[in-house]
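Novice: Sharing final_36.pdb (PDB, C-alpha atoms) below.
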ATOM      1  CA  MET W  44      93.334  92.398 121.084
ATOM      2  CA  TRP W  45      92.645  95.793 122.648
ATOM      3  CA  ASP W  46      96.328  96.174 123.602
ATOM      4  CA  PHE W  47      97.104  95.640 119.940
ATOM      5  CA  ILE W  48      94.676  98.254 118.573
ATOM      6  CA  SER W  49      94.900 100.854 121.352
ATOM      7  CA  PRO W  50      97.768 102.772 119.654
ATOM      8  CA  ILE W  51      95.748 103.089 116.428
ATOM      9  CA  ASN W  52      94.659 106.668 115.861
ATOM     10  CA  LEU W  53      92.062 106.685 113.108
ATOM     11  CA  ILE W  54      89.144 108.896 112.108
ATOM     12  CA  ARG W  55      86.677 107.587 109.555
ATOM     13  CA  TYR W  56      84.434 110.039 107.690
ATOM     14  CA  LEU W  57      81.544 108.941 105.499
ATOM     15  CA  ILE W  58      81.024 111.577 102.801
ATOM     16  CA  VAL W  59      77.648 111.960 101.080
ATOM     17  CA  TRP W  60      77.546 114.062  97.918
ATOM     18  CA  ARG W  61      74.225 114.693  96.171
ATOM     19  CA  VAL W  62      74.393 115.303  92.414
ATOM     20  CA  ASN W  63      72.781 118.579  91.351
ATOM     21  CA  GLY W  64      73.504 118.307  87.635
ATOM     22  CA  THR W  65      71.369 116.538  85.043
ATOM     23  CA  LEU W  66      73.974 113.830  84.504
ATOM     24  CA  VAL W  67      77.342 113.188  86.130
ATOM     25  CA  GLN W  68      79.837 110.656  84.855
ATOM     26  CA  LEU W  69      82.314 109.604  87.531
ATOM     27  CA  PRO W  70      85.976 108.972  86.732
ATOM     28  CA  ARG W  71      86.802 105.295  86.152
ATOM     29  CA  TYR W  72      88.397 105.136  89.595
ATOM     30  CA  LEU W  73      87.055 107.886  91.849
ATOM     31  CA  PRO W  74      89.823 107.964  94.540
ATOM     32  CA  THR W  75      92.412 108.840  91.884
ATOM     33  CA  ALA W  76      90.413 111.924  90.896
ATOM     34  CA  LEU W  77      89.688 112.762  94.545
ATOM     35  CA  SER W  78      93.382 112.663  95.375
ATOM     36  CA  GLN W  79      94.440 114.903  92.481
ATOM     37  CA  THR W  80      91.573 117.413  92.511
ATOM     38  CA  LEU W  81      91.142 117.833  96.261
ATOM     39  CA  GLY W  82      94.917 117.685  96.705
ATOM     40  CA  THR W  83      95.370 120.549  94.242
ATOM     41  CA  LEU W  84      92.662 122.654  95.896
ATOM     42  CA  ILE W  85      94.162 122.027  99.341
ATOM     43  CA  ALA W  86      97.622 123.039  98.117
ATOM     44  CA  GLU W  87      96.281 126.242  96.557
ATOM     45  CA  ARG W  88      94.620 127.284  99.814
ATOM     46  CA  LEU W  89      97.686 126.760 101.992
ATOM     47  CA  PRO W  90     100.247 129.453 102.809
ATOM     48  CA  THR W  91     103.401 129.196 100.702
ATOM     49  CA  GLN W  92     105.509 127.805 103.549
ATOM     50  CA  GLN W  93     103.050 124.917 104.092
ATOM     51  CA  THR W  94     102.447 123.909 100.498
ATOM     52  CA  ARG W  95     105.833 122.381  99.582
ATOM     53  CA  GLU W  96     105.016 118.729 100.336
ATOM     54  CA  TRP W  97     101.654 118.996  98.605
ATOM     55  CA  ARG W  98     103.321 120.432  95.502
ATOM     56  CA  LYS W  99     105.841 117.581  95.479
ATOM     57  CA  THR W 100     103.021 115.052  95.526
ATOM     58  CA  LEU W 101     101.158 116.810  92.707
ATOM     59  CA  ALA W 102     104.385 116.962  90.683
ATOM     60  CA  VAL W 103     104.573 113.157  90.805
ATOM     61  CA  TRP W 104     101.099 112.978  89.240
ATOM     62  CA  GLU W 105     102.071 115.540  86.588
ATOM     63  CA  ASN W 106     105.212 113.594  85.677
ATOM     64  CA  ALA W 107     103.196 110.384  85.479
ATOM     65  CA  THR W 108     100.721 112.056  83.107
ATOM     66  CA  GLN W 109     103.553 113.245  80.863
ATOM     67  CA  THR W 110     105.219 109.831  80.850
ATOM     68  CA  GLU W 111     101.886 108.190  80.094
ATOM     69  CA  ALA W 112     101.317 110.516  77.133
ATOM     70  CA  LYS W 113     104.680 109.499  75.666
ATOM     71  CA  SER W 114     104.489 105.778  76.360
ATOM     72  CA  GLY W 115     100.765 105.180  75.951
ATOM     73  CA  LYS W 116     100.839 103.070  79.105
ATOM     74  CA  LYS W 117      98.572 103.972  82.011
ATOM     75  CA  ILE W 118     100.556 104.971  85.101
ATOM     76  CA  ILE W 119      99.052 105.261  88.581
ATOM     77  CA  PRO W 120     101.870 106.615  90.785
ATOM     78  CA  ASP W 121     102.236 105.864  94.469
ATOM     79  CA  ALA W 122     101.828 109.493  95.509
ATOM     80  CA  PRO W 123      99.853 109.792  98.751
ATOM     81  CA  TRP W 124      98.924 113.113 100.322
ATOM     82  CA  PRO W 125     101.354 114.558 102.871
ATOM     83  CA  ILE W 126      98.716 113.751 105.499
ATOM     84  CA  GLN W 127      98.243 110.037 106.183
ATOM     85  CA  SER W 128      94.908 109.232 104.597
ATOM     86  CA  VAL W 129      92.798 106.731 102.691
ATOM     87  CA  LEU W 130      90.262 107.649 100.018
ATOM     88  CA  PHE W 131      87.831 104.757  99.642
ATOM     89  CA  ALA W 132      84.893 104.984  97.232
ATOM     90  CA  TYR W 133      82.033 102.573  97.867
ATOM     91  CA  PRO W 134      81.573 100.230  94.891
ATOM     92  CA  ASN W 135      78.889 101.719  92.682
ATOM     93  CA  LYS W 136      77.921 102.714  89.161
ATOM     94  CA  ARG W 137      79.598 105.485  87.176
ATOM     95  CA  ALA W 138      76.613 107.481  85.833
ATOM     96  CA  PHE W 139      74.496 109.481  88.303
ATOM     97  CA  GLY W 140      71.389 111.552  87.683
ATOM     98  CA  GLN W 141      70.191 114.634  89.533
ATOM     99  CA  GLY W 142      69.407 113.933  93.187
ATOM    100  CA  GLU W 143      71.360 110.685  93.386
ATOM    101  CA  VAL W 144      74.051 110.316  96.039
ATOM    102  CA  ILE W 145      77.724 109.391  95.812
ATOM    103  CA  LEU W 146      79.257 107.760  98.881
ATOM    104  CA  TRP W 147      82.914 107.622  99.758
ATOM    105  CA  GLU W 148      84.992 107.366 102.890
ATOM    106  CA  LEU W 149      87.942 109.418 104.067
ATOM    107  CA  LYS W 150      90.189 107.861 106.713
ATOM    108  CA  LEU W 151      92.719 110.012 108.551
ATOM    109  CA  ILE W 152      95.447 107.904 110.121
ATOM    110  CA  GLY W 153      98.154 108.166 112.764
ATOM    111  CA  ASP W 154      99.386 111.703 113.417
ATOM    112  CA  SER W 155      96.919 112.971 110.800
ATOM    113  CA  ALA W 156      93.907 111.618 112.717
ATOM    114  CA  ASP W 157      92.874 115.097 113.793
ATOM    115  CA  HIS W 158      89.401 116.545 113.206
ATOM    116  CA  GLY W 159      91.051 119.928 112.707
ATOM    117  CA  VAL W 160      92.796 118.538 109.598
ATOM    118  CA  PHE W 161      89.414 117.685 108.138
ATOM    119  CA  LEU W 162      87.829 121.029 109.041
ATOM    120  CA  GLU W 163      90.754 123.189 107.966
ATOM    121  CA  LEU W 164      92.027 121.340 104.880
ATOM    122  CA  VAL W 165      89.627 118.775 103.433
ATOM    123  CA  LEU W 166      86.168 120.279 103.991
ATOM    124  CA  PRO W 167      87.006 123.671 102.400
ATOM    125  CA  ALA W 168      88.500 121.865  99.394
ATOM    126  CA  MET W 169      85.331 119.784  99.034
ATOM    127  CA  GLU W 170      83.187 122.923  99.236
ATOM    128  CA  GLN W 171      85.253 124.520  96.495
ATOM    129  CA  ALA W 172      85.112 121.380  94.326
ATOM    130  CA  ALA W 173      81.320 121.284  94.695
ATOM    131  CA  THR W 174      80.781 124.695  93.120
ATOM    132  CA  THR W 175      83.842 125.234  90.938
ATOM    133  CA  THR W 176      83.587 126.564  87.407
ATOM    134  CA  ASP W 177      87.348 126.432  86.922
ATOM    135  CA  ALA W 178      88.108 125.107  83.430
ATOM    136  CA  ARG W 179      90.672 122.696  84.898
ATOM    137  CA  TRP W 180      87.888 120.723  86.559
ATOM    138  CA  PHE W 181      84.535 121.782  85.089
ATOM    139  CA  HIS W 182      84.043 119.453  82.110
ATOM    140  CA  HIS W 183      81.012 118.156  80.259
ATOM    141  CA  ASN W 184      79.123 115.755  82.557
ATOM    142  CA  GLY W 185      82.037 115.849  85.010
ATOM    143  CA  LEU W 186      81.635 115.561  88.771
ATOM    144  CA  TRP W 187      83.328 118.789  89.849
ATOM    145  CA  GLY W 188      80.970 121.726  90.213
ATOM    146  CA  ARG W 189      77.886 119.506  90.050
ATOM    147  CA  PHE W 190      77.209 118.269  93.570
ATOM    148  CA  ASP W 191      76.168 119.409  97.042
ATOM    149  CA  ILE W 192      77.761 118.184 100.266
ATOM    150  CA  GLN W 193      74.630 116.549 101.623
ATOM    151  CA  ALA W 194      76.142 115.057 104.768
ATOM    152  CA  VAL W 195      79.324 114.005 106.530
ATOM    153  CA  TYR W 196      79.405 111.387 109.291
ATOM    154  CA  ALA W 197      82.125 110.225 111.676
ATOM    155  CA  SER W 198      82.268 106.599 112.778
ATOM    156  CA  ARG W 199      81.855 105.590 116.394
ATOM    157  CA  GLY W 200      82.351 101.875 116.208
ATOM    158  CA  ALA W 201      79.683 100.496 113.891
ATOM    159  CA  ARG W 202      77.594 103.716 114.057
ATOM    160  CA  TRP W 203      77.879 106.839 111.931
ATOM    161  CA  GLU W 204      77.296 110.131 113.752
ATOM    162  CA  PRO W 205      76.449 113.290 111.761
ATOM    163  CA  ILE W 206      78.936 116.143 111.468
ATOM    164  CA  VAL W 207      77.309 117.846 108.466
ATOM    165  CA  ARG W 208      73.561 117.672 107.810
ATOM    166  CA  ASP W 209      71.922 119.230 104.769
ATOM    167  CA  GLY W 210      75.133 121.147 104.174
ATOM    168  CA  LYS W 211      75.285 122.600 107.710
ATOM    169  CA  LEU W 212      78.267 121.849 109.955
ATOM    170  CA  THR W 213      77.697 120.818 113.587
ATOM    171  CA  LEU W 214      80.225 123.089 115.272
ATOM    172  CA  ASP W 215      80.117 121.516 118.717
ATOM    173  CA  TYR W 216      80.771 117.928 117.582
ATOM    174  CA  ARG W 217      84.134 116.616 118.791
ATOM    175  CA  VAL W 218      85.825 113.673 117.088
ATOM    176  CA  SER W 219      88.258 111.459 118.994
ATOM    177  CA  PRO W 220      90.946 109.464 117.118
ATOM    178  CA  ASN W 221      89.951 106.379 119.141
ATOM    179  CA  GLN W 222      86.158 106.424 118.817
ATOM    180  CA  TRP W 223      86.329 104.367 115.607
ATOM    181  CA  ALA W 224      86.864 101.257 117.760
ATOM    182  CA  ASP W 225      84.065 101.869 120.305
ATOM    183  CA  GLY W 226      82.085  98.683 120.748
ATOM    184  CA  LEU W 227      83.871  96.735 118.007
ATOM    185  CA  THR W 228      84.607  93.162 119.060
ATOM    186  CA  PHE W 229      86.859  92.219 116.125
ATOM    187  CA  GLY W 230      85.319  88.853 115.515
ATOM    188  CA  THR W 231      85.443  87.589 119.086
ATOM    189  CA  ASP W 232      81.647  87.210 119.282
ATOM    190  CA  VAL W 233      81.137  85.708 115.832
ATOM    191  CA  ALA W 234      80.273  82.019 115.914
ATOM    192  CA  ARG W 235      80.142  81.472 112.148
ATOM    193  CA  ARG W 236      83.063  80.268 110.078
ATOM    194  CA  PHE W 237      84.421  82.241 107.142
ATOM    195  CA  ARG W 238      85.613  80.720 103.886
ATOM    196  CA  ARG W 239      85.489  83.475 101.277
ATOM    197  CA  LEU W 240      87.446  86.722 101.014
ATOM    198  CA  THR W 241      86.342  89.265  98.406
ATOM    199  CA  TRP W 242      88.624  92.178  97.588
ATOM    200  CA  LEU W 243      86.527  95.352  97.309
ATOM    201  CA  THR W 244      89.478  97.242  95.861
ATOM    202  CA  PRO W 245      92.640  96.005  94.129
ATOM    203  CA  PHE W 246      95.627  94.860  96.183
ATOM    204  CA  ASP W 247      99.358  94.729  95.589
ATOM    205  CA  PHE W 248     101.854  93.133  97.982
ATOM    206  CA  ARG W 249     104.916  93.393  95.715
ATOM    207  CA  SER W 250     107.447  93.930  98.515
ATOM    208  CA  ASP W 251     108.562  90.299  98.165
ATOM    209  CA  GLU W 252     108.977  89.235  94.555
ATOM    210  CA  THR W 253     109.383  85.577  95.530
ATOM    211  CA  SER W 254     106.184  85.191  97.569
ATOM    212  CA  ASN W 255     103.446  82.818  96.431
ATOM    213  CA  HIS W 256     101.012  85.571  95.543
ATOM    214  CA  GLN W 257     103.540  86.977  93.066
ATOM    215  CA  ARG W 258     103.618  83.676  91.186
ATOM    216  CA  PHE W 259      99.934  82.793  91.469
ATOM    217  CA  GLY W 260      98.217  86.120  92.132
ATOM    218  CA  ALA W 261      96.548  84.848  95.324
ATOM    219  CA  PRO W 262      97.948  85.899  98.702
ATOM    220  CA  ALA W 263      97.857  83.390 101.528
ATOM    221  CA  LEU W 264      96.259  84.418 104.805
ATOM    222  CA  ARG W 265      99.791  84.746 106.182
ATOM    223  CA  ASP W 266     100.574  87.291 103.434
ATOM    224  CA  ILE W 267      97.608  89.419 104.538
ATOM    225  CA  VAL W 268      98.606  89.265 108.213
ATOM    226  CA  ASP W 269     102.181  90.207 107.267
ATOM    227  CA  ALA W 270     100.809  93.164 105.290
ATOM    228  CA  LEU W 271      98.802  94.197 108.359
ATOM    229  CA  MET W 272     101.956  94.184 110.499
ATOM    230  CA  GLU W 273     103.663  96.369 107.911
ATOM    231  CA  ARG W 274     100.682  98.708 107.911
ATOM    232  CA  MET W 275     100.753  98.959 111.707
ATOM    233  CA  THR W 276     104.250 100.492 111.634
ATOM    234  CA  VAL W 277     102.676 103.910 110.953
ATOM    235  CA  PHE W 278     101.216 103.871 114.459
ATOM    236  CA  LEU W 279     104.522 103.347 116.277
ATOM    237  CA  PRO W 280     106.181 106.476 117.731
ATOM    238  CA  GLY W 281     108.721 108.092 115.426
ATOM    239  CA  LYS W 282     109.409 107.130 111.812
ATOM    240  CA  HIS W 283     110.790 104.288 109.685
ATOM    241  CA  HIS W 284     109.790 101.239 111.691
ATOM    242  CA  LEU W 285     109.833  97.571 110.708
ATOM    243  CA  ALA W 286     107.022  95.032 110.942
ATOM    244  CA  THR W 287     109.147  93.034 113.384
ATOM    245  CA  GLU W 288     108.757  95.899 115.847
ATOM    246  CA  VAL W 289     104.981  95.569 115.665
ATOM    247  CA  TRP W 290     105.265  91.875 116.434
ATOM    248  CA  ALA W 291     107.579  92.661 119.344
ATOM    249  CA  ALA W 292     105.107  95.205 120.757
ATOM    250  CA  MET W 293     102.377  92.576 121.050
ATOM    251  CA  PRO W 294     101.846  90.876 124.441
ATOM    252  CA  GLU W 295     103.500  87.467 124.494
ATOM    253  CA  GLU W 296     100.216  85.610 124.943
ATOM    254  CA  GLU W 297      98.686  87.369 121.933
ATOM    255  CA  GLN W 298     101.760  86.583 119.836
ATOM    256  CA  THR W 299     101.448  82.912 120.740
ATOM    257  CA  GLN W 300      97.750  82.808 119.860
ATOM    258  CA  LEU W 301      98.344  84.521 116.526
ATOM    259  CA  TRP W 302     101.200  82.175 115.586
ATOM    260  CA  ARG W 303      99.020  79.172 116.366
ATOM    261  CA  ALA W 304      96.260  80.529 114.161
ATOM    262  CA  LEU W 305      98.743  81.113 111.332
ATOM    263  CA  GLU W 306     100.006  77.569 111.663
ATOM    264  CA  GLN W 307      96.446  76.350 111.250
ATOM    265  CA  ALA W 308      96.102  78.482 108.125
ATOM    266  CA  GLN W 309      99.202  77.184 106.353
ATOM    267  CA  PRO W 310      97.732  73.890 105.096
ATOM    268  CA  LEU W 311      94.675  75.582 103.573
ATOM    269  CA  SER W 312      94.368  74.974  99.868
ATOM    270  CA  ARG W 313      93.697  78.138  97.921
ATOM    271  CA  HIS W 314      91.311  76.588  95.433
ATOM    272  CA  ARG W 315      88.517  78.275  93.519
ATOM    273  CA  GLN W 316      90.397  81.532  93.189
ATOM    274  CA  SER W 317      88.722  84.113  90.998
ATOM    275  CA  LEU W 318      91.313  86.875  90.744
ATOM    276  CA  ALA W 319      91.999  89.076  87.748
ATOM    277  CA  SER W 320      94.303  91.947  86.958
ATOM    278  CA  SER W 321      92.839  95.248  88.093
ATOM    279  CA  PRO W 322      91.311  97.378  85.303
ATOM    280  CA  ARG W 323      93.723  99.462  83.279
ATOM    281  CA  GLU W 324      92.914 102.823  84.882
ATOM    282  CA  TRP W 325      92.827 101.472  88.430
ATOM    283  CA  PRO W 326      95.695 101.278  90.911
ATOM    284  CA  GLY W 327      96.761  97.996  92.498
ATOM    285  CA  ARG W 328      97.442  94.689  90.805
ATOM    286  CA  TRP W 329      94.744  92.091  91.474
ATOM    287  CA  ILE W 330      91.050  92.072  92.398
ATOM    288  CA  GLY W 331      88.455  89.359  92.896
ATOM    289  CA  THR W 332      87.543  86.586  95.316
ATOM    290  CA  GLN W 333      89.477  83.894  97.158
ATOM    291  CA  THR W 334      87.794  80.810  98.597
ATOM    292  CA  PHE W 335      89.442  78.871 101.429
ATOM    293  CA  ASP W 336      88.639  75.557 103.044
ATOM    294  CA  ASP W 337      88.292  77.523 106.263
ATOM    295  CA  VAL W 338      89.638  80.676 107.918
ATOM    296  CA  PRO W 339      90.942  79.947 111.460
ATOM    297  CA  ALA W 340      88.831  81.760 114.036
ATOM    298  CA  GLY W 341      91.985  83.201 115.604
ATOM    299  CA  LEU W 342      92.738  85.142 112.407
ATOM    300  CA  VAL W 343      89.323  86.757 111.934
ATOM    301  CA  ARG W 344      90.029  89.689 114.258
ATOM    302  CA  TYR W 345      93.270  90.544 112.452
ATOM    303  CA  LEU W 346      91.696  90.227 109.032
ATOM    304  CA  GLU W 347      88.861  92.498 110.145
ATOM    305  CA  LEU W 348      91.398  95.083 111.301
ATOM    306  CA  ALA W 349      93.325  94.756 108.026
ATOM    307  CA  SER W 350      90.150  95.460 106.068
ATOM    308  CA  ILE W 351      89.579  98.677 108.041
ATOM    309  CA  LEU W 352      93.153  99.945 107.737
ATOM    310  CA  HIS W 353      93.759  98.779 104.119
ATOM    311  CA  VAL W 354      96.950  96.808 103.427
ATOM    312  CA  GLY W 355      99.612  96.593 100.754
ATOM    313  CA  LYS W 356     100.546  99.330  98.324
ATOM    314  CA  GLN W 357      98.609 102.456  97.330
ATOM    315  CA  THR W 358      96.361 102.415 100.382
ATOM    316  CA  HIS W 359      95.882 106.180  99.969
ATOM    317  CA  LEU W 360      93.832 105.360  96.872
ATOM    318  CA  GLY W 361      91.728 102.861  98.796
ATOM    319  CA  CYS W 362      93.599  99.736  97.733
ATOM    320  CA  GLY W 363      93.801  96.672  99.931
ATOM    321  CA  THR W 364      90.401  96.295 101.586
ATOM    322  CA  PHE W 365      88.090  93.290 101.509
ATOM    323  CA  ARG W 366      85.095  91.510 103.055
ATOM    324  CA  LEU W 367      84.932  88.100 104.684
ATOM    325  CA  PHE W 368      81.986  85.791 104.045
TER     326      PHE W 368
END
Before we go any further, please render this structure as structure tokens.

Specialist:
Amino acid sequence: MWDFISPINLIRYLIVWRVNGTLVQLPRYLPTALSQTLGTLIAERLPTQQTREWRKTLAVWENATQTEAKSGKKIIPDAPWPIQSVLFAYPNKRAFGQGEVILWELKLIGDSADHGVFLELVLPAMEQAATTTDARWFHHNGLWGRFDIQAVYASRGARWEPIVRDGKLTLDYRVSPNQWADGLTFGTDVARRFRRLTWLTPFDFRSDETSNHQRFGAPALRDIVDALMERMTVFLPGKHHLATEVWAAMPEEEQTQLWRALEQAQPLSRHRQSLASSPREWPGRWIGTQTFDDVPAGLVRYLELASILHVGKQTHLGCGTFRLF
């Protein structure tokens, strides 16, 4: 398994914001607002020659807003930041009082897994968003301008190590793009069996309109593994790779073991599905829980990796992550 994950450059940041207003009402889907607001602030801070790709992304959101106003239909465009990233908000309530904390996770991926990207682009934008009085963002009971950056942590395996404490940056902390995997066993030491998969955020695997999950809404375990292979293409050198190249890069023995596990998964009946369309103002397509007769032990490690990386469409907005039970 290590040969499979060793090319994965990933930095995970846990962001802790403490509300300093009397009442803050979060947007219906926080990552959407994070992407647009922080993306705009990042673009405005960049030199003109570096801002082009950011402006193109923001233009997609602006066009979607205009189209939505005309059609009355909510549109969540697939418009990720120019840096490879995931914005994942921990499931929580929407209304926060003074002193309460909001938790979300930023994941920088592939070539963008660079601590300098966080320090130079994202952190200054967060600092500006925390104190802004700009009329574009500062609305009644809105989030922007009403929080303090309480803390920021970087993952080292299952641990979170502090980068920012009480608003103060630790200047000598160095973040490696491989430390996220330190000590993780990816299911190899878990004796229990898993039967339930709960999607924490919506998912959408619409690349194949004829697949079972398109007809029934419930992806098979094979669909999730296929989505993982597609996701892994971002870690191959160069651009525009196919999932078949990820398969080919795996050691032969690991390929064989994975195929055997997938063969075991095929006969599983996907009964007791509890999936529903994602809420109107959320990205993705489906959300809920799937219950299986059993999840083959040989698939657990790959499913665990898929949950960390997010799979399917609109991963920038946190889509495509889940928990196994």

Novice: How many Å separate CA of Leu367 in chain W from CA of Ile126 in chain W?

Specialist: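 One can read the CA of Leu367 in chain W to CA of Ile126 in chain W distance as 29.1 Å.
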
Novice: Tell me, as a JSON list (two decimals) with C-alpha atoms, in the coordinates of the input, which residues lie within 7 Å of Ile51 in chain W, counting all atoms listed in the file; anything in the same chain fewer than 3 positions away does not count.

Specialist:
[["chain", "number", "residue", "atom", "x", "y", "z"],
["W", 48, "ILE", "CA", 94.68, 98.25, 118.57],
["W", 153, "GLY", "CA", 98.15, 108.17, 112.76],
["W", 278, "PHE", "CA", 101.22, 103.87, 114.46]]

Novice: So, counting all atoms listed in the file, which residue among W:Gln300, W:Ser317, W:Thr175, W:Gln222 is closest to Arg239 in chain W?

Specialist: W:Ser317

Novice: List as a list in words the protein and nucleic acid residues near Leu73 in chain W, meaning an atom at most 9 Å away when all atoms listed in the file are counted, but skip any in the same chain fewer than 6 places from it.

Specialist: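 My list of contacting residues is Leu130, Phe131, Ala132, Trp147 and Leu360 of chain W.
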
Novice: May I ask for the distance between CA of Thr228 in chain W and CA of Met272 in chain W, given in Å to one decimal place?

Specialist: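 According to the coordinates, CA of Thr228 in chain W and CA of Met272 in chain W are separated by 19.4 Å.
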
Novice: Could you check how far CA of Leu146 in chain W sits from CA of Leu346 in chain W, in Å to one decimal?

Specialist: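 About the pair CA of Leu146 in chain W and CA of Leu346 in chain W: they are 23.8 Å apart.
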
Novice: Do you know which residues the PyMOL selection byres ((chain W and resi 341) around 8) returns on this file, as a ChimeraX atom specification?

Specialist: /W:300-301,304,339-340,342-344

Novice: Residues near range 318-327 of chain W, anyone? I mean within 8 Å using all atoms listed in the file, not counting same-chain ones fewer than 5 positions away, as a short mmCIF file (atom, residue, chain, number, x, y, z; two decimals) with C-alpha atoms, in the coordinates of the input.

Specialist:
data_model
loop_
_atom_site.label_atom_id
_atom_site.label_comp_id
_atom_site.auth_asym_id
_atom_site.auth_seq_id
_atom_site.Cartn_x
_atom_site.Cartn_y
_atom_site.Cartn_z
CA ARG W 71 86.80 105.30 86.15
CA TYR W 72 88.40 105.14 89.60
CA LYS W 117 98.57 103.97 82.01
CA ILE W 118 100.56 104.97 85.10
CA ILE W 119 99.05 105.26 88.58
CA PRO W 245 92.64 96.00 94.13
CA PHE W 246 95.63 94.86 96.18
CA ASP W 247 99.36 94.73 95.59
CA GLY W 260 98.22 86.12 92.13
CA ALA W 261 96.55 84.85 95.32
CA THR W 332 87.54 86.59 95.32
CA GLN W 333 89.48 83.89 97.16
CA LYS W 356 100.55 99.33 98.32
CA GLN W 357 98.61 102.46 97.33
CA LEU W 360 93.83 105.36 96.87
CA CYS W 362 93.60 99.74 97.73
#

Novice: Taking the file as I've supplied it (selection: the PyMOL selection byres ((chain W and resi 203-209) around 12)), which residues are included? Please answer as a VMD selection string.

Specialist: chain W and resid 54 to 61 148 158 161 to 162 166 191 to 202 210 to 218 222 to 223 225

Novice: Written as a PyMOL selection string, what is the full residue list that the PyMOL selection byres ((chain W and resi 352) around 9) yields on the file shown?

Specialist: chain W and resi 53+129+150+152+271+274-275+347-351+353-354+358+363-364

Novice: Give the answer as one residue: which of W:His359, W:Arg265, W:Arg137, W:Arg189 has the shortest atom-to-atom distance to Val62 in chain W, using only C-alpha atoms?

Specialist: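 Of the candidates, the smallest distance to Val62 in chain W is held by W:Arg189.
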
Novice: Pick the closest to Thr100 in chain W from W:Gly188, W:Gly230, W:Pro50, W:Pro125: which is it, counting only C-alpha atoms?

Specialist: W:Pro125

Novice: Using all atoms listed in the file, find the one residue out of W:Val233, W:Ile267, W:Asn63, W:Phe47 that sits nearest to Val289 in chain W.

Specialist: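 Closest residue, counting all atoms listed in the file: W:Phe47.
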
Novice: Between W:Gly142, W:Ala172, W:Leu264, W:Asp154, single out the one closest to Gly281 in chain W, counting all atoms listed in the file.

Specialist: W:Asp154

Novice: Of the candidates W:Ala286, W:Asn52, W:Glu111, W:Trp302, which shows the shortest atom-to-atom distance to Leu151 in chain W, using all atoms listed in the file?

Specialist: W:Asn52

Novice: List the spatial neighbours of range 84-87 of chain W as a PyMOL selection string - criterion: any atom at most 12 Å away, all atoms listed in the file, same-chain residues fewer than 6 positions off excluded.

Specialist: chain W and resi 77-78+93-102+124-126+160-173+175+177+179-180+187

Novice: Please dump the current selection as an mmCIF file, in the frame of the given file; keep C-alpha atoms.

Specialist:
data_model
loop_
_atom_site.group_PDB
_atom_site.id
_atom_site.type_symbol
_atom_site.label_atom_id
_atom_site.label_comp_id
_atom_site.auth_asym_id
_atom_site.auth_seq_id
_atom_site.Cartn_x
_atom_site.Cartn_y
_atom_site.Cartn_z
ATOM 1 C CA LEU W 77 89.688 112.762 94.545
ATOM 2 C CA SER W 78 93.382 112.663 95.375
ATOM 3 C CA GLN W 93 103.050 124.917 104.092
ATOM 4 C CA THR W 94 102.447 123.909 100.498
ATOM 5 C CA ARG W 95 105.833 122.381 99.582
ATOM 6 C CA GLU W 96 105.016 118.729 100.336
ATOM 7 C CA TRP W 97 101.654 118.996 98.605
ATOM 8 C CA ARG W 98 103.321 120.432 95.502
ATOM 9 C CA LYS W 99 105.841 117.581 95.479
ATOM 10 C CA THR W 100 103.021 115.052 95.526
ATOM 11 C CA LEU W 101 101.158 116.810 92.707
ATOM 12 C CA ALA W 102 104.385 116.962 90.683
ATOM 13 C CA TRP W 124 98.924 113.113 100.322
ATOM 14 C CA PRO W 125 101.354 114.558 102.871
ATOM 15 C CA ILE W 126 98.716 113.751 105.499
ATOM 16 C CA VAL W 160 92.796 118.538 109.598
ATOM 17 C CA PHE W 161 89.414 117.685 108.138
ATOM 18 C CA LEU W 162 87.829 121.029 109.041
ATOM 19 C CA GLU W 163 90.754 123.189 107.966
ATOM 20 C CA LEU W 164 92.027 121.340 104.880
ATOM 21 C CA VAL W 165 89.627 118.775 103.433
ATOM 22 C CA LEU W 166 86.168 120.279 103.991
ATOM 23 C CA PRO W 167 87.006 123.671 102.400
ATOM 24 C CA ALA W 168 88.500 121.865 99.394
ATOM 25 C CA MET W 169 85.331 119.784 99.034
ATOM 26 C CA GLU W 170 83.187 122.923 99.236
ATOM 27 C CA GLN W 171 85.253 124.520 96.495
ATOM 28 C CA ALA W 172 85.112 121.380 94.326
ATOM 29 C CA ALA W 173 81.320 121.284 94.695
ATOM 30 C CA THR W 175 83.842 125.234 90.938
ATOM 31 C CA ASP W 177 87.348 126.432 86.922
ATOM 32 C CA ARG W 179 90.672 122.696 84.898
ATOM 33 C CA TRP W 180 87.888 120.723 86.559
ATOM 34 C CA TRP W 187 83.328 118.789 89.849
#
